[in-house]
file structure_31.cif (mmCIF, C-alpha atoms)
data_query
#
loop_
_atom_site.label_atom_id
_atom_site.label_comp_id
_atom_site.auth_asym_id
_atom_site.auth_seq_id
_atom_site.Cartn_x
_atom_site.Cartn_y
_atom_site.Cartn_z
CA MET A 1 239.17 241.69 29.55
CA ASP A 2 240.49 238.80 27.45
CA ARG A 3 238.00 236.86 25.38
CA LEU A 4 237.31 233.47 26.87
CA LYS A 5 237.77 230.35 24.77
CA LEU A 6 235.13 227.82 25.75
CA LYS A 7 235.22 224.13 24.87
CA ALA A 8 231.77 223.24 23.59
CA VAL A 9 229.82 220.22 22.35
CA LEU A 10 226.53 220.73 20.52
CA GLY A 11 224.85 218.48 17.99
CA SER A 12 224.47 219.61 14.39
CA HIS A 13 220.92 220.88 14.80
CA PRO A 14 219.45 223.37 12.28
CA HIS A 15 218.78 225.95 15.00
CA VAL A 16 222.43 226.04 16.15
CA LYS A 17 223.94 226.06 12.66
CA ALA A 18 224.69 229.82 12.72
CA VAL A 19 226.64 229.44 15.99
CA LYS A 20 228.54 226.31 14.96
CA SER A 21 229.51 227.80 11.60
CA GLY A 22 230.87 230.94 13.29
CA GLU A 23 228.35 233.14 11.50
CA LEU A 24 227.05 234.30 14.88
CA ARG A 25 229.67 235.18 17.48
CA SER A 26 229.87 236.84 20.87
CA ASP A 27 232.00 239.79 21.92
CA LEU A 28 232.77 238.03 25.20
CA PHE A 29 233.91 234.55 24.20
CA ASP A 30 234.71 232.10 21.43
CA LEU A 31 233.22 228.63 21.26
CA ASP A 32 235.72 225.94 20.36
CA PHE A 33 233.48 223.11 19.13
CA ILE A 34 234.48 219.49 19.66
CA GLU A 35 232.51 216.96 17.61
CA TYR A 36 231.04 213.85 19.22
CA THR A 37 229.01 211.44 17.10
CA PRO A 38 226.50 210.62 18.36
CA THR A 39 226.27 213.64 20.64
CA ASN A 40 225.24 211.50 23.61
CA THR A 41 228.79 210.09 23.81
CA ALA A 42 229.84 213.48 25.23
CA PHE A 43 227.46 213.26 28.18
CA LYS A 44 229.54 210.80 30.22
CA PRO A 45 232.79 212.87 30.15
CA MET A 46 230.79 216.02 30.89
CA VAL A 47 229.08 214.47 33.92
CA ARG A 48 232.11 212.61 35.23
CA GLU A 49 234.94 215.05 34.46
CA GLN A 50 233.29 218.35 33.43
CA ALA A 51 235.33 217.87 30.27
CA PHE A 52 233.78 220.87 28.44
CA ASP A 53 232.62 224.35 29.39
CA VAL A 54 229.34 224.11 27.46
CA CYS A 55 227.67 220.83 26.52
CA GLU A 56 224.42 219.51 25.16
CA MET A 57 222.95 217.08 27.67
CA ALA A 58 219.93 214.80 27.98
CA ILE A 59 217.61 216.15 30.65
CA VAL A 60 217.41 212.88 32.63
CA THR A 61 221.22 212.71 32.68
CA TYR A 62 221.21 216.24 34.09
CA LEU A 63 218.56 215.42 36.72
CA MET A 64 220.58 212.41 37.86
CA ALA A 65 223.82 214.43 37.82
CA LYS A 66 222.12 217.03 40.02
CA ALA A 67 220.93 214.32 42.41
CA HIS A 68 224.56 213.21 42.81
CA GLY A 69 225.99 216.70 43.31
CA LYS A 70 227.74 217.13 39.97
CA PRO A 71 228.90 220.75 39.43
CA LEU A 72 226.76 221.52 36.38
CA VAL A 73 224.22 224.25 35.69
CA LEU A 74 221.28 223.94 33.30
CA LEU A 75 220.38 226.45 30.59
CA PRO A 76 216.73 226.51 29.42
CA ALA A 77 217.84 226.06 25.80
CA THR A 78 216.38 222.96 24.16
CA MET A 79 218.58 221.30 21.56
CA LEU A 80 216.35 218.29 20.85
CA GLY A 81 212.67 217.76 21.51
CA ARG A 82 210.44 215.14 19.92
CA PHE A 83 207.34 213.08 20.46
CA GLN A 84 208.42 209.67 21.67
CA HIS A 85 205.75 207.24 20.50
CA ALA A 86 207.69 206.22 17.36
CA TYR A 87 210.71 205.09 19.43
CA ALA A 88 209.31 201.75 20.59
CA LEU A 89 209.39 198.62 18.43
CA TYR A 90 208.37 194.98 18.56
CA ASN A 91 208.58 191.93 16.27
CA PRO A 92 205.13 190.73 15.16
CA ALA A 93 206.64 187.46 13.90
CA GLN A 94 207.15 186.52 17.56
CA ARG A 95 203.79 187.75 18.90
CA MET A 96 201.43 190.68 18.49
CA LEU A 97 202.02 193.32 21.15
CA GLY A 98 200.60 196.70 22.08
CA PRO A 99 201.76 199.17 24.72
CA SER A 100 199.53 197.58 27.38
CA ASP A 101 201.06 194.13 26.84
CA LEU A 102 204.61 194.66 28.15
CA GLU A 103 204.16 193.39 31.71
CA GLY A 104 206.33 190.33 32.24
CA LYS A 105 208.11 190.83 28.91
CA ARG A 106 211.82 191.29 28.09
CA VAL A 107 212.38 194.83 26.87
CA GLY A 108 215.70 196.12 25.54
CA ILE A 109 216.97 199.66 25.94
CA ARG A 110 220.44 201.16 25.33
CA SER A 111 220.70 202.26 28.96
CA PHE A 112 217.95 202.26 31.57
CA THR A 113 218.64 205.92 32.28
CA THR A 114 218.18 207.34 28.75
CA THR A 115 215.80 210.27 28.48
CA THR A 116 213.81 208.69 25.64
CA GLY A 117 213.41 205.58 27.80
CA ALA A 118 212.20 207.64 30.75
CA TRP A 119 209.64 209.47 28.58
CA ILE A 120 208.29 206.25 27.03
CA ARG A 121 208.17 204.42 30.37
CA GLY A 122 206.31 207.42 31.79
CA ILE A 123 203.79 207.21 28.95
CA LEU A 124 203.40 203.45 29.43
CA ALA A 125 202.87 203.78 33.19
CA ASN A 126 200.70 206.89 33.28
CA ASP A 127 198.68 206.55 30.07
CA TYR A 128 198.46 202.77 29.69
CA GLY A 129 198.61 201.58 33.31
CA VAL A 130 201.70 199.40 32.76
CA ASN A 131 203.44 198.22 35.93
CA LEU A 132 207.05 198.96 34.96
CA ASN A 133 208.41 196.81 37.81
CA THR A 134 207.14 193.65 36.12
CA ILE A 135 209.18 194.24 32.96
CA LYS A 136 212.53 192.45 32.55
CA TRP A 137 214.83 195.24 31.36
CA VAL A 138 217.87 194.34 29.24
CA THR A 139 220.48 197.08 28.79
CA PHE A 140 223.59 197.57 26.66
CA GLU A 141 225.45 200.51 28.25
CA ASP A 142 226.33 201.95 31.65
CA PRO A 143 224.48 205.02 32.93
CA HIS A 144 226.27 208.34 32.34
CA VAL A 145 226.13 209.00 36.09
CA ALA A 146 228.48 206.43 37.63
CA GLU A 147 226.86 206.58 41.09
CA TYR A 148 223.52 205.23 39.84
CA VAL A 149 223.17 201.54 40.76
CA ASP A 150 221.93 199.76 37.65
CA THR A 151 220.12 196.52 38.53
CA THR A 152 219.02 195.63 34.99
CA GLU A 153 220.19 192.58 33.07
CA ARG A 154 223.15 193.42 30.85
CA ALA A 155 223.09 192.03 27.32
CA PRO A 156 226.19 190.08 26.23
CA LYS A 157 228.82 192.40 24.74
CA ASP A 158 228.57 190.90 21.27
CA LYS A 159 224.79 191.38 21.04
CA LYS A 160 223.01 194.20 19.15
CA ILE A 161 219.65 195.44 20.37
CA LEU A 162 217.68 195.24 17.10
CA GLN A 163 219.16 191.85 16.19
CA MET A 164 218.07 190.51 19.59
CA LEU A 165 214.54 191.74 18.82
CA LEU A 166 214.60 190.06 15.39
CA ASP A 167 215.94 186.84 16.94
CA GLY A 168 213.19 186.72 19.56
CA GLU A 169 215.59 187.33 22.48
CA LEU A 170 213.71 190.52 23.30
CA ASP A 171 209.95 191.13 23.12
CA ALA A 172 210.25 194.87 22.48
CA VAL A 173 212.81 197.67 22.49
CA LEU A 174 212.58 201.32 23.54
CA GLY A 175 214.56 204.26 22.15
CA GLU A 176 215.07 202.76 18.70
CA THR A 177 213.71 203.19 15.19
CA SER A 178 214.24 200.91 12.21
CA ASP A 179 213.38 200.65 8.53
CA ASN A 180 213.33 196.86 8.79
CA PRO A 181 209.88 195.76 7.53
CA LYS A 182 209.90 192.87 10.04
CA LEU A 183 209.68 195.33 12.95
CA LYS A 184 206.60 197.34 13.83
CA PRO A 185 205.95 200.29 16.18
CA LEU A 186 204.63 199.26 19.59
CA PHE A 187 202.15 202.15 19.41
CA PRO A 188 200.13 201.16 16.31
CA ASP A 189 199.90 204.68 14.85
CA PRO A 190 202.67 206.69 16.54
CA ALA A 191 201.82 210.03 14.91
CA THR A 192 198.15 209.83 15.92
CA GLU A 193 199.12 208.71 19.42
CA ALA A 194 201.52 211.65 19.73
CA THR A 195 198.84 214.11 18.57
CA LYS A 196 196.37 212.78 21.15
CA TRP A 197 199.01 212.80 23.87
CA TYR A 198 199.94 216.41 23.12
CA ALA A 199 196.26 217.43 23.15
CA ARG A 200 195.91 215.82 26.59
CA ARG A 201 199.23 216.89 28.15
CA GLY A 202 200.12 220.08 26.30
CA VAL A 203 203.79 219.08 26.53
CA VAL A 204 206.53 218.61 23.95
CA PRO A 205 208.90 215.99 25.41
CA VAL A 206 212.29 217.72 25.60
CA ASN A 207 215.27 215.36 25.33
CA HIS A 208 218.42 217.49 25.24
CA LEU A 209 219.09 220.91 26.74
CA VAL A 210 222.45 222.62 27.45
CA VAL A 211 224.60 222.64 30.58
CA VAL A 212 227.64 224.65 31.61
CA THR A 213 230.13 223.94 34.37
CA GLU A 214 229.36 225.38 37.77
CA GLN A 215 232.83 226.95 37.73
CA LEU A 216 231.95 228.98 34.61
CA ALA A 217 228.51 229.86 36.00
CA LYS A 218 229.99 231.20 39.25
CA SER A 219 233.00 232.98 37.77
CA ARG A 220 231.38 234.45 34.65
CA PRO A 221 227.58 234.62 34.85
CA ASP A 222 227.72 237.24 32.07
CA VAL A 223 229.31 234.68 29.76
CA VAL A 224 226.68 232.06 30.66
CA ALA A 225 223.90 234.53 29.83
CA GLY A 226 225.82 235.34 26.64
CA VAL A 227 225.91 231.67 25.61
CA TYR A 228 222.15 231.49 26.06
CA ASP A 229 221.58 234.70 24.07
CA LEU A 230 223.79 233.43 21.26
CA LEU A 231 221.86 230.17 21.02
CA LYS A 232 218.57 232.05 21.14
CA TRP A 233 219.65 234.36 18.29
CA SER A 234 220.75 231.33 16.31
CA LYS A 235 217.34 229.75 16.75
CA ALA A 236 215.61 232.96 15.61
CA GLN A 237 217.86 233.10 12.56
CA ALA A 238 216.87 229.55 11.58
CA GLY A 239 213.33 230.74 10.87
CA PRO A 240 209.96 230.58 12.61
CA ALA A 241 209.51 227.80 15.15
CA ALA A 242 207.28 224.85 14.37
CA VAL A 243 203.89 224.59 16.10
CA PRO A 244 204.20 223.14 18.64
CA ASP A 245 207.76 224.35 19.17
CA LEU A 246 209.95 221.25 19.52
CA VAL A 247 212.94 223.23 20.83
CA PRO A 248 211.51 225.68 23.39
CA PHE A 249 213.80 228.32 24.91
CA GLY A 250 213.31 229.95 28.30
CA VAL A 251 212.35 228.71 31.75
CA GLU A 252 208.63 229.34 31.24
CA ALA A 253 208.52 227.70 27.81
CA ASN A 254 210.21 224.62 29.29
CA ARG A 255 208.30 224.56 32.59
CA LYS A 256 205.64 221.98 31.68
CA PRO A 257 207.99 219.47 29.99
CA LEU A 258 210.48 219.83 32.85
CA GLU A 259 207.77 219.27 35.47
CA LEU A 260 206.59 216.16 33.67
CA ILE A 261 210.01 214.58 33.12
CA VAL A 262 210.92 215.28 36.76
CA ASP A 263 207.71 213.48 37.72
CA TYR A 264 208.49 210.50 35.48
CA ALA A 265 212.13 210.31 36.63
CA PHE A 266 211.01 210.31 40.27
CA GLN A 267 208.37 207.62 39.61
CA GLN A 268 211.08 205.46 38.02
CA ALA A 269 213.49 205.96 40.97
CA LEU A 270 216.06 207.72 38.77
CA ILE A 271 216.08 210.70 41.16
CA PRO A 272 215.40 210.73 44.94
CA ARG A 273 212.75 213.46 44.97
CA ARG A 274 210.70 215.73 42.74
CA TYR A 275 212.70 218.88 42.00
CA ALA A 276 210.88 222.18 41.51
CA VAL A 277 211.70 223.69 38.12
CA GLU A 278 213.44 226.63 39.81
CA GLU A 279 215.84 224.21 41.53
CA LEU A 280 217.16 223.01 38.18
CA PHE A 281 218.75 226.40 37.44
CA ASP A 282 221.06 228.83 39.23
CA GLU A 283 220.47 232.51 39.98
CA THR A 284 221.61 233.50 36.47
CA THR A 285 219.91 230.83 34.37
CA ARG A 286 216.66 230.94 36.39
CA GLY A 287 215.89 234.34 34.86
CA LEU A 288 216.45 233.37 31.23
CA ASN A 289 213.44 233.54 28.91
#
call {"tool": "encode", "arguments": {"input": "structure_31.cif", "output": "C-alpha cells"}}
result
Amino acid sequence: MDRLKLKAVLGSHPHVKAVKSGELRSDLFDLDFIEYTPTNTAFKPMVREQAFDVCEMAIVTYLMAKAHGKPLVLLPATMLGRFQHAYALYNPAQRMLGPSDLEGKRVGIRSFTTTTGAWIRGILANDYGVNLNTIKWVTFEDPHVAEYVDTTERAPKDKKILQMLLDGELDAVLGETSDNPKLKPLFPDPATEATKWYARRGVVPVNHLVVVTEQLAKSRPDVVAGVYDLLKWSKAQAGPAAVPDLVPFGVEANRKPLELIVDYAFQQALIPRRYAVEELFDETTRGLN
C-alpha cells in the first residue's frame, strides 16, 4: 500500500520536536508540516474547510465544532496544557481589582470562545462566585466556528487589547500576559492560586489537543492510531513528564480535564449540552491510552 502524505499543523512544542524534525517517522505515512504562527490561526481553516489531515486544536474550538456537526475526530494527545491564573490582567492605575470584582466591568478577550477564556471564566464563576452574565465582554476576533452567534461588543478594528487596558477603556483582560510594569495579574499570586486550584480540582487545564478529519478516521483508522503512537513516542523521547503532567496523553489521563472543560463550556452556553468524554472520540480514538 502506498504511503500516505498527510498535511499537518502542530506547534513547535518540545514534546513533538522529534516528529516535526523527521527524526521519528512512521512506516504508514509521512507528515507534511505546514507552519502557522501563532498555531491558533490554523484552527479556523481546519474547522471550516478541514484544510489539513492532522491539526492541533483548542479543546473548546473542538467542542463547538462537534456541536455544529463538523467532520473532525479528537485524539487524546495534549499539545498544550497550562494553569490559567497568570492569563488575566488589570491596570491598577485605574482601580484595584481582584477576581471577585469583575461583575459590571468591561473585560477584553481575543475571542469569547477561546479555550483560555473558557477556563478562566469557569474559575471565576465556580471558585469566586462571579456572575459572568453581568460582565461587558469586548472581543477582537470572530469565533473559529462560524455558526456560533457572538453577541459580545466588538472592539474597533484599530484597537489593541493591552493598549485599551492601559488607556482605561477596559477594566481587565483575559488570555493575555504582559511584561509591562503598569499591568498586574488579576489573581494576586497566580502561581500560588494555581497550586491551590490543582490541589482542590486535581486537573491540569488542557488547552490544545489534536484532531484529524473524519474522512481520514473512517478510511484509515490504522493511520490515525499511528499518528497517535508517533506523537506518544515523541513525547517519551523528550524526557520524563513534569509533575503534574501538563501534556497528558490517553483518554483516561485526559478524562478529568475534559469533563471539567465540557462543564465550563456548557455553563457558558458555548455548547448545547454536556458531552460524555466517550462522545468526544470515535471507535478508534476512544481506545487510545
call {"tool": "atom_distance", "arguments": {"input": "structure_31.cif", "atom1": "atom CA of A:Thr78", "atom2": "atom CA of A:Val277"}}
result
14.7 Å
call {"tool": "residues_around", "arguments": {"input": "structure_31.cif", "residues": "A:Asn131", "least_positions_apart": "3", "cutoff": "10 Å", "atoms": "all atoms listed in the file", "output": "mmCIF file with C-alpha atoms, keeping the file's coordinate frame"}}
result
data_model
loop_
_atom_site.group_PDB
_atom_site.id
_atom_site.type_symbol
_atom_site.label_atom_id
_atom_site.label_comp_id
_atom_site.auth_asym_id
_atom_site.auth_seq_id
_atom_site.Cartn_x
_atom_site.Cartn_y
_atom_site.Cartn_z
ATOM 1 C CA SER A 100 199.530 197.580 27.380
ATOM 2 C CA LEU A 102 204.610 194.660 28.150
ATOM 3 C CA GLU A 103 204.160 193.390 31.710
ATOM 4 C CA GLY A 104 206.330 190.330 32.240
ATOM 5 C CA ARG A 121 208.170 204.420 30.370
ATOM 6 C CA LEU A 124 203.400 203.450 29.430
ATOM 7 C CA ALA A 125 202.870 203.780 33.190
ATOM 8 C CA ASN A 126 200.700 206.890 33.280
ATOM 9 C CA TYR A 128 198.460 202.770 29.690
ATOM 10 C CA THR A 134 207.140 193.650 36.120
ATOM 11 C CA ILE A 135 209.180 194.240 32.960
#
call {"tool": "closest_residue", "arguments": {"input": "structure_31.cif", "among": "A:Gly175, A:Gly11, A:Pro205, A:Pro71", "to": "A:Ala51", "atoms": "all atoms listed in the file"}}
result
A:Pro71
call {"tool": "residues_around", "arguments": {"input": "structure_31.cif", "residues": "A:His15", "least_positions_apart": "3", "cutoff": "10 Å", "atoms": "all atoms listed in the file", "output": "ChimeraX atom specification"}}
result
/A:12,18-20,78-80,231-239,241,247
call {"tool": "closest_residue", "arguments": {"input": "structure_31.cif", "among": "A:Met57, A:Val138, A:Leu31, A:Leu89", "to": "A:Asp179", "atoms": "only C-alpha atoms"}}
result
A:Leu89
call {"tool": "closest_residue", "arguments": {"input": "structure_31.cif", "among": "A:Ala118, A:Gly81, A:Ala217, A:Phe249", "to": "A:Asp229", "atoms": "only C-alpha atoms"}}
result
A:Phe249
call {"tool": "resolve_selection", "arguments": {"input": "structure_31.cif", "expression": "the PyMOL selection byres ((chain A and resi 164) around 12)", "output": "list in words"}}
result
Leu89, Tyr90, Asn91, Gln94, Arg106, Val107, Gly108, Ile109, Val138, Thr139, Phe140, Ala155, Pro156, Asp158, Lys159, Lys160, Ile161, Leu162, Gln163, Leu165, Leu166, Asp167, Gly168, Glu169, Leu170, Asp171, Ala172, Val173 and Leu183 of chain A
call {"tool": "atom_distance", "arguments": {"input": "structure_31.cif", "atom1": "atom CA of A:Asp30", "atom2": "atom CA of A:Glu279"}}
result
28.7 Å
call {"tool": "resolve_selection", "arguments": {"input": "structure_31.cif", "expression": "the PyMOL selection byres ((chain A and resi 72) around 6)", "output": "list of chain:residue names"}}
result
A:Lys70, A:Pro71, A:Val73, A:Val212, A:Thr213, A:Glu214
call {"tool": "decode", "arguments": {"input": "structure_31.cif", "residues": "stretch 219-232 of chain A", "atoms": "all heavy atoms", "output": "short mmCIF file (atom, residue, chain, number, x, y, z; two decimals), in the first residue's frame"}}
result
data_model
loop_
_atom_site.label_atom_id
_atom_site.label_comp_id
_atom_site.auth_asym_id
_atom_site.auth_seq_id
_atom_site.Cartn_x
_atom_site.Cartn_y
_atom_site.Cartn_z
N SER A 219 -11.56 6.17 6.83
CA SER A 219 -10.91 5.41 5.76
C SER A 219 -9.65 4.69 6.23
O SER A 219 -9.32 3.62 5.75
CB SER A 219 -10.58 6.33 4.58
OG SER A 219 -9.63 7.31 4.96
N ARG A 220 -8.92 5.29 7.17
CA ARG A 220 -7.66 4.71 7.62
C ARG A 220 -7.50 4.82 9.15
O ARG A 220 -6.66 5.56 9.65
CB ARG A 220 -6.48 5.40 6.92
CG ARG A 220 -6.39 5.16 5.43
CD ARG A 220 -6.15 3.69 5.07
NE ARG A 220 -4.94 3.14 5.66
CZ ARG A 220 -3.73 3.16 5.11
NH1 ARG A 220 -3.57 3.75 3.92
NH2 ARG A 220 -2.70 2.62 5.71
N PRO A 221 -8.32 4.06 9.89
CA PRO A 221 -8.16 4.10 11.35
C PRO A 221 -6.77 3.67 11.80
O PRO A 221 -6.28 4.12 12.83
CB PRO A 221 -9.25 3.15 11.85
CG PRO A 221 -9.66 2.33 10.66
CD PRO A 221 -9.42 3.18 9.47
N ASP A 222 -6.11 2.82 11.00
CA ASP A 222 -4.75 2.39 11.35
C ASP A 222 -3.78 3.56 11.31
O ASP A 222 -2.87 3.68 12.14
CB ASP A 222 -4.28 1.28 10.41
CG ASP A 222 -4.30 1.69 8.92
OD1 ASP A 222 -5.16 2.52 8.55
OD2 ASP A 222 -3.46 1.19 8.15
N VAL A 223 -3.99 4.46 10.35
CA VAL A 223 -3.13 5.64 10.24
C VAL A 223 -3.38 6.59 11.41
O VAL A 223 -2.45 7.16 11.97
CB VAL A 223 -3.35 6.34 8.88
CG1 VAL A 223 -2.74 7.73 8.87
CG2 VAL A 223 -2.77 5.48 7.76
N VAL A 224 -4.65 6.75 11.78
CA VAL A 224 -4.98 7.63 12.91
C VAL A 224 -4.33 7.11 14.20
O VAL A 224 -3.72 7.87 14.95
CB VAL A 224 -6.51 7.76 13.07
CG1 VAL A 224 -6.86 8.49 14.35
CG2 VAL A 224 -7.09 8.49 11.86
N ALA A 225 -4.42 5.80 14.42
CA ALA A 225 -3.75 5.22 15.59
C ALA A 225 -2.24 5.41 15.48
O ALA A 225 -1.55 5.66 16.48
CB ALA A 225 -4.10 3.74 15.71
N GLY A 226 -1.73 5.32 14.24
CA GLY A 226 -0.29 5.52 14.02
C GLY A 226 0.16 6.94 14.31
O GLY A 226 1.26 7.16 14.83
N VAL A 227 -0.68 7.92 13.98
CA VAL A 227 -0.36 9.32 14.30
C VAL A 227 -0.25 9.49 15.81
O VAL A 227 0.70 10.10 16.33
CB VAL A 227 -1.43 10.28 13.72
CG1 VAL A 227 -1.26 11.69 14.29
CG2 VAL A 227 -1.37 10.30 12.20
N TYR A 228 -1.21 8.91 16.52
CA TYR A 228 -1.19 8.99 17.98
C TYR A 228 0.07 8.34 18.55
O TYR A 228 0.76 8.91 19.41
CB TYR A 228 -2.44 8.34 18.57
CG TYR A 228 -2.44 8.33 20.08
CD1 TYR A 228 -2.80 9.47 20.80
CD2 TYR A 228 -2.08 7.18 20.80
CE1 TYR A 228 -2.79 9.48 22.19
CE2 TYR A 228 -2.06 7.18 22.18
CZ TYR A 228 -2.42 8.34 22.87
OH TYR A 228 -2.40 8.34 24.25
N ASP A 229 0.39 7.13 18.06
CA ASP A 229 1.58 6.42 18.56
C ASP A 229 2.84 7.23 18.31
O ASP A 229 3.72 7.31 19.17
CB ASP A 229 1.70 5.06 17.87
CG ASP A 229 0.65 4.06 18.36
OD1 ASP A 229 0.07 4.29 19.44
OD2 ASP A 229 0.42 3.06 17.66
N LEU A 230 2.92 7.85 17.14
CA LEU A 230 4.10 8.64 16.80
C LEU A 230 4.26 9.82 17.76
O LEU A 230 5.36 10.10 18.25
CB LEU A 230 3.96 9.14 15.36
CG LEU A 230 5.22 9.68 14.67
CD1 LEU A 230 6.27 8.58 14.51
CD2 LEU A 230 4.86 10.25 13.30
N LEU A 231 3.17 10.49 18.03
CA LEU A 231 3.21 11.62 18.96
C LEU A 231 3.55 11.16 20.38
O LEU A 231 4.29 11.84 21.11
CB LEU A 231 1.87 12.36 18.95
CG LEU A 231 1.52 13.06 17.64
CD1 LEU A 231 0.08 13.59 17.67
CD2 LEU A 231 2.49 14.21 17.34
N LYS A 232 3.04 10.00 20.74
CA LYS A 232 3.33 9.46 22.08
C LYS A 232 4.81 9.10 22.21
O LYS A 232 5.45 9.37 23.23
CB LYS A 232 2.43 8.25 22.35
CG LYS A 232 2.44 7.79 23.80
CD LYS A 232 1.41 6.70 24.03
CE LYS A 232 1.45 6.24 25.48
NZ LYS A 232 0.47 5.18 25.75
#
